[in-house]
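Visitor: If it helps, the file is called my_file01.tsv and holds TSV, C-alpha atoms and all ligand atoms:
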chain	number	residue	atom	x	y	z
T	67	MET	CA	136.51	134.39	92.33
T	68	SER	CA	138.25	134.59	88.99
T	69	ALA	CA	136.51	136.38	86.14
T	70	GLY	CA	135.29	133.08	84.70
T	71	LEU	CA	133.71	131.90	87.94
T	72	SER	CA	132.37	135.08	89.47
T	73	VAL	CA	129.06	134.67	87.65
T	74	ARG	CA	127.21	131.57	86.44
T	75	ASP	CA	128.23	130.70	82.92
T	76	VAL	CA	124.81	129.63	81.69
T	77	ASP	CA	125.90	129.72	78.05
T	78	VAL	CA	128.17	126.69	78.32
T	79	ARG	CA	126.63	123.32	77.49
T	80	GLU	CA	127.86	120.02	78.80
T	81	LEU	CA	129.06	117.65	76.08
T	82	MET	CA	126.94	114.78	77.40
T	83	ASP	CA	123.79	116.78	76.61
T	84	ASP	CA	124.62	116.88	72.90
T	85	PRO	CA	122.14	114.55	71.18
T	86	HIS	CA	124.96	113.63	68.77
T	87	ALA	CA	127.52	112.91	71.49
T	88	ASP	CA	129.82	109.97	70.82
T	89	GLU	CA	127.93	106.93	72.15
T	90	ARG	CA	130.98	105.14	73.47
T	91	MET	CA	132.16	108.21	75.39
T	92	LEU	CA	128.66	108.79	76.71
T	93	ALA	CA	128.44	105.20	77.96
T	94	ARG	CA	131.83	105.53	79.67
T	95	THR	CA	130.62	108.79	81.24
T	96	TYR	CA	127.52	107.12	82.72
T	97	GLY	CA	129.75	104.31	83.91
T	98	ARG	CA	132.12	106.69	85.72
T	99	PHE	CA	129.44	108.69	87.55
T	100	ALA	CA	129.50	106.19	90.41
T	101	PHE	CA	133.20	106.87	90.97
T	102	VAL	CA	132.75	110.64	90.92
T	103	ASN	CA	129.67	110.53	93.13
T	104	ALA	CA	131.38	108.30	95.68
T	105	LEU	CA	134.06	110.99	95.99
T	106	VAL	CA	132.01	114.17	95.95
T	107	SER	CA	128.28	113.51	96.44
T	108	ARG	CA	128.30	111.83	99.85
T	109	PRO	CA	125.72	109.14	99.05
T	110	GLY	CA	126.34	107.55	102.46
T	111	LEU	CA	125.27	110.75	104.20
T	112	ILE	CA	122.14	110.99	102.04
T	113	TYR	CA	121.32	107.42	103.03
T	114	ARG	CA	121.99	107.81	106.77
T	115	ARG	CA	120.33	111.20	107.18
T	116	ASP	CA	117.42	111.22	104.73
T	117	ILE	CA	116.63	107.69	103.62
T	118	ARG	CA	117.30	105.19	106.38
T	119	PRO	CA	115.27	106.91	109.16
T	120	ARG	CA	112.28	107.24	106.85
T	121	ALA	CA	112.55	103.65	105.67
T	122	VAL	CA	112.72	102.43	109.27
T	123	ALA	CA	109.67	104.49	110.24
T	124	ALA	CA	107.57	103.70	107.16
T	125	ALA	CA	104.72	101.26	107.47
T	126	ARG	CA	105.14	100.32	103.79
T	127	PRO	CA	108.02	100.34	101.29
T	128	LEU	CA	109.61	103.79	101.11
T	129	ARG	CA	108.98	105.38	97.71
T	130	ILE	CA	112.00	107.24	96.38
T	131	LEU	CA	112.33	109.24	93.15
T	132	ASP	CA	115.66	110.35	91.67
T	133	ILE	CA	115.18	113.07	89.02
T	134	GLY	CA	117.92	113.22	86.37
T	135	THR	CA	119.41	109.91	87.40
T	136	GLY	CA	122.05	109.71	84.65
T	137	GLY	CA	123.63	106.27	85.02
T	138	GLY	CA	121.41	105.52	88.02
T	139	ASP	CA	124.25	104.86	90.46
T	140	LEU	CA	122.71	106.82	93.37
T	141	CYS	CA	119.56	104.71	93.09
T	142	ARG	CA	121.51	101.47	92.96
T	143	PHE	CA	123.59	102.57	95.95
T	144	LEU	CA	120.46	103.35	97.98
T	145	ALA	CA	118.80	100.09	96.87
T	146	GLY	CA	121.87	98.13	97.98
T	147	ARG	CA	122.06	99.78	101.40
T	148	LEU	CA	118.33	99.39	102.03
T	149	ARG	CA	118.36	95.75	101.01
T	150	HIS	CA	121.44	95.11	103.16
T	151	GLU	CA	119.50	96.39	106.17
T	152	GLY	CA	116.32	94.55	105.26
T	153	LEU	CA	114.44	97.81	104.59
T	154	ALA	CA	111.79	97.85	101.87
T	155	ALA	CA	111.74	100.51	99.17
T	156	GLU	CA	110.45	101.22	95.69
T	157	ILE	CA	112.98	103.33	93.84
T	158	THR	CA	112.25	105.15	90.59
T	159	ALA	CA	115.11	106.56	88.52
T	160	LEU	CA	113.93	109.24	86.10
T	161	ASP	CA	115.82	110.93	83.29
T	162	VAL	CA	114.67	112.99	80.36
T	163	ASP	CA	117.45	111.47	78.24
T	164	GLU	CA	116.56	108.04	76.86
T	165	ARG	CA	120.25	107.24	76.35
T	166	ALA	CA	120.83	107.51	80.11
T	167	ILE	CA	117.83	105.31	80.88
T	168	ARG	CA	118.91	102.66	78.33
T	169	TRP	CA	122.37	102.57	79.92
T	170	ALA	CA	120.99	102.44	83.46
T	171	VAL	CA	118.53	99.63	82.65
T	172	ALA	CA	121.37	97.59	81.17
T	173	HIS	CA	123.46	98.10	84.33
T	174	ASP	CA	120.86	97.58	87.05
T	175	ARG	CA	122.63	94.40	88.17
T	176	GLY	CA	119.66	93.15	90.15
T	177	ALA	CA	119.17	96.35	92.16
T	178	GLY	CA	115.48	96.31	91.31
T	179	VAL	CA	115.26	100.01	90.46
T	180	THR	CA	112.50	101.15	88.08
T	181	TYR	CA	113.93	103.33	85.29
T	182	ARG	CA	111.80	105.79	83.35
T	183	ALA	CA	112.59	108.16	80.50
T	184	ALA	CA	110.29	111.08	81.28
T	185	LEU	CA	109.99	114.51	82.81
T	186	SER	CA	108.82	114.86	86.40
T	187	THR	CA	105.68	116.60	85.09
T	188	ALA	CA	104.53	113.28	83.56
T	189	LEU	CA	104.58	111.72	87.03
T	190	VAL	CA	102.64	114.66	88.48
T	191	ASP	CA	100.06	114.30	85.73
T	192	ALA	CA	99.78	110.58	86.50
T	193	GLY	CA	99.09	111.40	90.18
T	194	GLU	CA	102.16	109.55	91.47
T	195	THR	CA	103.60	110.33	94.90
T	196	PHE	CA	106.87	109.62	96.69
T	197	ASP	CA	108.21	109.87	100.22
T	198	VAL	CA	111.55	111.25	99.06
T	199	VAL	CA	112.31	113.14	95.85
T	200	LEU	CA	116.01	113.55	95.14
T	201	SER	CA	118.31	114.85	92.47
T	202	ASN	CA	122.07	115.09	92.19
T	203	HIS	CA	124.02	117.36	89.83
T	204	VAL	CA	120.86	118.33	87.96
T	205	LEU	CA	120.00	121.86	89.18
T	206	HIS	CA	122.87	123.45	87.29
T	207	HIS	CA	121.70	121.75	84.06
T	208	LEU	CA	118.35	123.49	84.11
T	209	ASP	CA	117.36	126.85	82.71
T	210	GLU	CA	115.30	129.12	84.94
T	211	ARG	CA	111.92	127.80	83.76
T	212	ASP	CA	112.90	124.12	83.99
T	213	LEU	CA	114.35	124.67	87.44
T	214	GLN	CA	111.07	126.14	88.69
T	215	THR	CA	109.18	123.27	87.05
T	216	VAL	CA	111.35	120.63	88.70
T	217	LEU	CA	110.92	122.33	92.09
T	218	ASP	CA	107.14	122.68	91.68
T	219	ASP	CA	106.88	119.08	90.51
T	220	SER	CA	109.03	117.89	93.42
T	221	ARG	CA	106.59	119.34	95.90
T	222	ARG	CA	103.55	118.06	94.06
T	223	LEU	CA	105.05	114.59	93.94
T	224	LEU	CA	105.58	114.43	97.70
T	225	ALA	CA	103.35	112.30	99.87
T	226	PRO	CA	102.37	113.92	103.21
T	227	GLY	CA	105.46	114.35	105.39
T	228	GLY	CA	107.75	113.85	102.40
T	229	LEU	CA	111.16	115.31	101.68
T	230	ALA	CA	112.57	116.85	98.50
T	231	ALA	CA	116.34	117.29	98.44
T	232	HIS	CA	118.21	118.49	95.37
T	233	HIS	CA	121.99	118.16	95.64
T	234	ASP	CA	124.61	119.87	93.52
T	235	ILE	CA	128.13	121.18	93.52
T	236	ALA	CA	128.64	124.81	94.54
T	237	ARG	CA	130.49	127.08	92.12
T	238	GLY	CA	133.82	128.49	93.25
T	239	ARG	CA	137.47	128.86	92.36
T	240	LEU	CA	138.60	126.22	94.83
T	241	PRO	CA	136.25	123.39	93.74
T	242	TYR	CA	137.10	124.22	90.13
T	243	ALA	CA	140.85	124.09	90.80
T	244	LEU	CA	140.60	120.93	92.91
T	245	PHE	CA	138.40	119.09	90.40
T	246	SER	CA	140.74	120.12	87.62
T	247	ALA	CA	143.84	118.96	89.52
T	248	ALA	CA	142.28	115.72	90.76
T	249	THR	CA	140.95	114.63	87.38
T	250	TRP	CA	144.00	115.61	85.32
T	251	PRO	CA	146.07	112.51	86.19
T	252	LEU	CA	142.99	110.32	85.64
T	253	SER	CA	142.18	111.76	82.24
T	254	ARG	CA	144.49	109.25	80.50
T	255	ASN	CA	143.30	106.18	82.36
T	256	LEU	CA	140.21	105.92	84.57
T	257	LEU	CA	138.42	108.88	83.01
T	258	ALA	CA	139.83	108.49	79.49
T	259	GLU	CA	137.31	108.59	76.65
T	260	SER	CA	134.60	109.98	78.89
T	261	PHE	CA	133.13	113.46	79.29
T	262	ILE	CA	133.70	113.47	83.05
T	263	ARG	CA	136.59	115.90	83.25
T	264	VAL	CA	135.40	118.41	80.65
T	265	ASP	CA	131.75	118.27	81.73
T	266	GLY	CA	132.66	118.39	85.41
T	267	LEU	CA	134.52	121.66	84.86
T	268	LEU	CA	131.69	123.04	82.71
T	269	SER	CA	129.23	121.99	85.42
T	270	ILE	CA	131.07	123.98	88.06
T	271	ARG	CA	130.98	127.03	85.79
T	272	ARG	CA	127.19	126.61	85.42
T	273	SER	CA	126.58	125.86	89.10
T	274	PHE	CA	125.11	128.11	91.75
T	275	THR	CA	126.60	129.54	94.89
T	276	VAL	CA	124.58	129.11	98.07
T	277	ALA	CA	123.59	132.80	97.97
T	278	GLU	CA	122.47	132.61	94.32
T	279	LEU	CA	120.33	129.56	94.90
T	280	ALA	CA	118.84	131.07	98.06
T	281	ALA	CA	117.91	134.18	96.06
T	282	ILE	CA	115.83	132.24	93.55
T	283	ALA	CA	114.53	129.43	95.75
T	284	PRO	CA	110.75	129.48	96.00
T	285	ARG	CA	109.17	130.05	99.39
T	286	GLY	CA	109.47	127.11	101.75
T	287	TRP	CA	112.71	125.80	100.25
T	288	GLN	CA	115.89	125.87	102.32
T	289	VAL	CA	119.39	126.16	100.88
T	290	ARG	CA	122.28	124.56	102.69
T	291	GLY	CA	125.97	124.41	101.95
T	292	GLY	CA	128.09	121.44	102.94
T	293	ALA	CA	131.47	119.82	102.43
T	294	PRO	CA	133.01	119.22	99.96
T	295	PHE	CA	131.65	122.27	98.13
T	296	ARG	CA	128.13	120.89	98.18
T	297	ILE	CA	124.87	122.76	97.91
T	298	GLU	CA	121.45	121.41	98.76
T	299	LEU	CA	117.99	122.78	98.06
T	300	ARG	CA	115.58	121.15	100.44
T	301	TRP	CA	111.88	121.13	101.15
T	302	GLU	CA	110.19	119.16	103.86
T	303	ALA	CA	106.87	119.32	105.59
T	304	ASP	CA	106.71	121.59	108.64
T	305	GLY	CA	107.62	119.68	111.74
T	306	ALA	CA	109.69	117.16	109.80
T	307	ARG	CA	112.76	119.33	109.34
T	308	SER	CA	116.13	117.76	110.19
T	401	LIG	C1	125.21	115.60	85.26
T	401	LIG	S1	123.97	114.40	85.00
T	401	LIG	C2	123.81	113.81	86.68
T	401	LIG	C3	123.45	112.36	86.71
T	401	LIG	C4	123.30	111.76	88.09
T	401	LIG	N1	122.22	112.38	88.84
T	401	LIG	C5	124.57	111.82	88.87
T	401	LIG	O1	124.61	112.48	89.91
T	401	LIG	O2	125.56	111.22	88.42
T	401	LIG	C6	122.45	115.32	84.80
T	401	LIG	C7	121.31	114.44	84.29
T	401	LIG	O3	120.09	115.17	84.41
T	401	LIG	C8	119.29	114.87	83.29
T	401	LIG	N2	118.29	115.95	83.17
T	401	LIG	C9	118.49	117.22	82.79
T	401	LIG	N3	117.34	117.91	82.86
T	401	LIG	C10	116.38	117.06	83.30
T	401	LIG	C11	114.99	117.18	83.59
T	401	LIG	N4	114.33	118.34	83.44
T	401	LIG	N5	114.33	116.10	84.02
T	401	LIG	C12	114.96	114.92	84.17
T	401	LIG	N6	116.27	114.73	83.90
T	401	LIG	C13	116.99	115.80	83.49
T	401	LIG	C14	120.27	114.77	82.14
T	401	LIG	O4	119.73	114.05	81.06
T	401	LIG	C15	121.44	114.05	82.82
T	401	LIG	O5	121.35	112.66	82.69
Would you mind writing the file out in structure tokens?
Guide:
Amino acid sequence: MSAGLSVRDVDVRELMDDPHADERMLARTYGRFAFVNALVSRPGLIYRRDIRPRAVAAARPLRILDIGTGGGDLCRFLAGRLRHEGLAAEITALDVDERAIRWAVAHDRGAGVTYRAALSTALVDAGETFDVVLSNHVLHHLDERDLQTVLDDSRRLLAPGGLAAHHDIARGRLPYALFSAATWPLSRNLLAESFIRVDGLLSIRRSFTVAELAAIAPRGWQVRGGAPFRIELRWEADGARS
């Protein structure tokens, strides 16, 4: 890896996290997450592998929590697929940033997702439980303490037999170069006046490698790599591993 990517660059901050970030650019960023996630986050695989089988088997609506939902597109995608197949679910989209939740509420478009501006600890304190706890592109945002808190909370929030799966991009020269090349031509049109390109590159610099995440993962969590340059930190009850 190049000098800049051989270690996590935890000192860089994504522009969207700035409380004074330009509101119009922030809104366009939330609005473009669906496009980026469709390309890199494999929401269809998450649905087929982790959501659909549980929704089919559940005797009641499947309870899903997305931590750090941003614009909420993963939740709306899952809600749409579940509804299309006649499968019942209650989906909660959580973000610590009220600006994200305001944007997501305004763009729910009938998906029926519940949006909440809170930390996962508030849900633990309230005694809430879920069958599946997810996140996408959140791990790299967190400092060491917040990461451990989110992982502890994820487990505490799981109903018996539940699954926690935190998805992110893996750091590396190739994903950095590919993201840079792919987003460059879009930076004057589709991604113009958004933080997607700059923050995406900063995110990769802050992200983990599989080995780094495995080294700090608490006991019982599994780290998996996947294409394209994906990383997943996963916890599921013994006997329910897939
Ligand atoms: C890069 S965005 C990812 C948004 C979305 N999950 C996606 O994949 O497009 C990271 C989001 O995580 C949120 N976030 C960061 N730390 C958080 C925490 N401790 N609890 C909840 N949300 C958090 C940020 O506010 C931001 O909206």
Visitor: At a cut-off of 6 Å around ligand LIG 401 (chain T), and using only C-alpha atoms and all ligand atoms, what residues come up? Please write them as a ChimeraX atom specification.
Guide: /T:99,133-136,161-163,166,185,201-204,207-208,212
Visitor: May I have the selected residues written with C-alpha atoms, as a short mmCIF file (atom, residue, chain, number, x, y, z; two decimals), in the frame of the given file?
Guide:
data_model
loop_
_atom_site.label_atom_id
_atom_site.label_comp_id
_atom_site.auth_asym_id
_atom_site.auth_seq_id
_atom_site.Cartn_x
_atom_site.Cartn_y
_atom_site.Cartn_z
CA PHE T 99 129.44 108.69 87.55
CA ILE T 133 115.18 113.07 89.02
CA GLY T 134 117.92 113.22 86.37
CA THR T 135 119.41 109.91 87.40
CA GLY T 136 122.05 109.71 84.65
CA ASP T 161 115.82 110.93 83.29
CA VAL T 162 114.67 112.99 80.36
CA ASP T 163 117.45 111.47 78.24
CA ALA T 166 120.83 107.51 80.11
CA LEU T 185 109.99 114.51 82.81
CA SER T 201 118.31 114.85 92.47
CA ASN T 202 122.07 115.09 92.19
CA HIS T 203 124.02 117.36 89.83
CA VAL T 204 120.86 118.33 87.96
CA HIS T 207 121.70 121.75 84.06
CA LEU T 208 118.35 123.49 84.11
CA ASP T 212 112.90 124.12 83.99
#
Visitor: Write out as a tab-separated table the residues of range 249-274 of chain T that have any atom within 12 Å of an atom of range 84-87 of chain T, one row each with the nearest atom pair and its distance in Å to one decimal, counting all atoms listed in the file, sorted by chain and then rising number.
Guide:
residue	atom	partner	partner_atom	distance
T:Glu259	CA	T:Ala87	CA	11.9
T:Ser260	CA	T:Ala87	CA	10.7
T:Phe261	CA	T:Ala87	CA	9.6
T:Asp265	CA	T:Asp84	CA	11.4
Visitor: Which residues come within 9 Å of range 138-142 of chain T, counting all atoms listed in the file, excluding same-chain residues fewer than 2 positions away, as a PyMOL selection string?
Guide: chain T and resi 96-97+99-100+103+109+130-132+134-136+144-147+157-160+166-167+169-171+173-179+181+202
Visitor: CA of Pro127 in chain T and CA of Arg221 in chain T are how many Å apart?
Guide: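 Between CA of Pro127 in chain T and CA of Arg221 in chain T the gap works out to 19.8 Å.
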Visitor: Give as a list in words every residue, naming chains and numbers as the document does, that has an atom within 10 Å of (106.3, 119.0, 90.2), counting all atoms listed in the file.
Guide: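 The answer, in the requested form, is Leu185, Ser186, Thr187, Ala188, Leu189, Val190, Asp191, Gln214, Thr215, Val216, Leu217, Asp218, Asp219, Ser220, Arg221, Arg222, Leu223 and Leu224 of chain T.
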Visitor: Take the selection from the previous step and output its residues with C-alpha atoms, as a PDB file, keeping the file's coordinate frame.
Guide:
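Just written: out.pdb:
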ATOM      1  CA  LEU T 185     109.990 114.510  82.810  1.00  0.00           C
ATOM      2  CA  SER T 186     108.820 114.860  86.400  1.00  0.00           C
ATOM      3  CA  THR T 187     105.680 116.600  85.090  1.00  0.00           C
ATOM      4  CA  ALA T 188     104.530 113.280  83.560  1.00  0.00           C
ATOM      5  CA  LEU T 189     104.580 111.720  87.030  1.00  0.00           C
ATOM      6  CA  VAL T 190     102.640 114.660  88.480  1.00  0.00           C
ATOM      7  CA  ASP T 191     100.060 114.300  85.730  1.00  0.00           C
ATOM      8  CA  GLN T 214     111.070 126.140  88.690  1.00  0.00           C
ATOM      9  CA  THR T 215     109.180 123.270  87.050  1.00  0.00           C
ATOM     10  CA  VAL T 216     111.350 120.630  88.700  1.00  0.00           C
ATOM     11  CA  LEU T 217     110.920 122.330  92.090  1.00  0.00           C
ATOM     12  CA  ASP T 218     107.140 122.680  91.680  1.00  0.00           C
ATOM     13  CA  ASP T 219     106.880 119.080  90.510  1.00  0.00           C
ATOM     14  CA  SER T 220     109.030 117.890  93.420  1.00  0.00           C
ATOM     15  CA  ARG T 221     106.590 119.340  95.900  1.00  0.00           C
ATOM     16  CA  ARG T 222     103.550 118.060  94.060  1.00  0.00           C
ATOM     17  CA  LEU T 223     105.050 114.590  93.940  1.00  0.00           C
ATOM     18  CA  LEU T 224     105.580 114.430  97.700  1.00  0.00           C
TER      19      LEU T 224
END
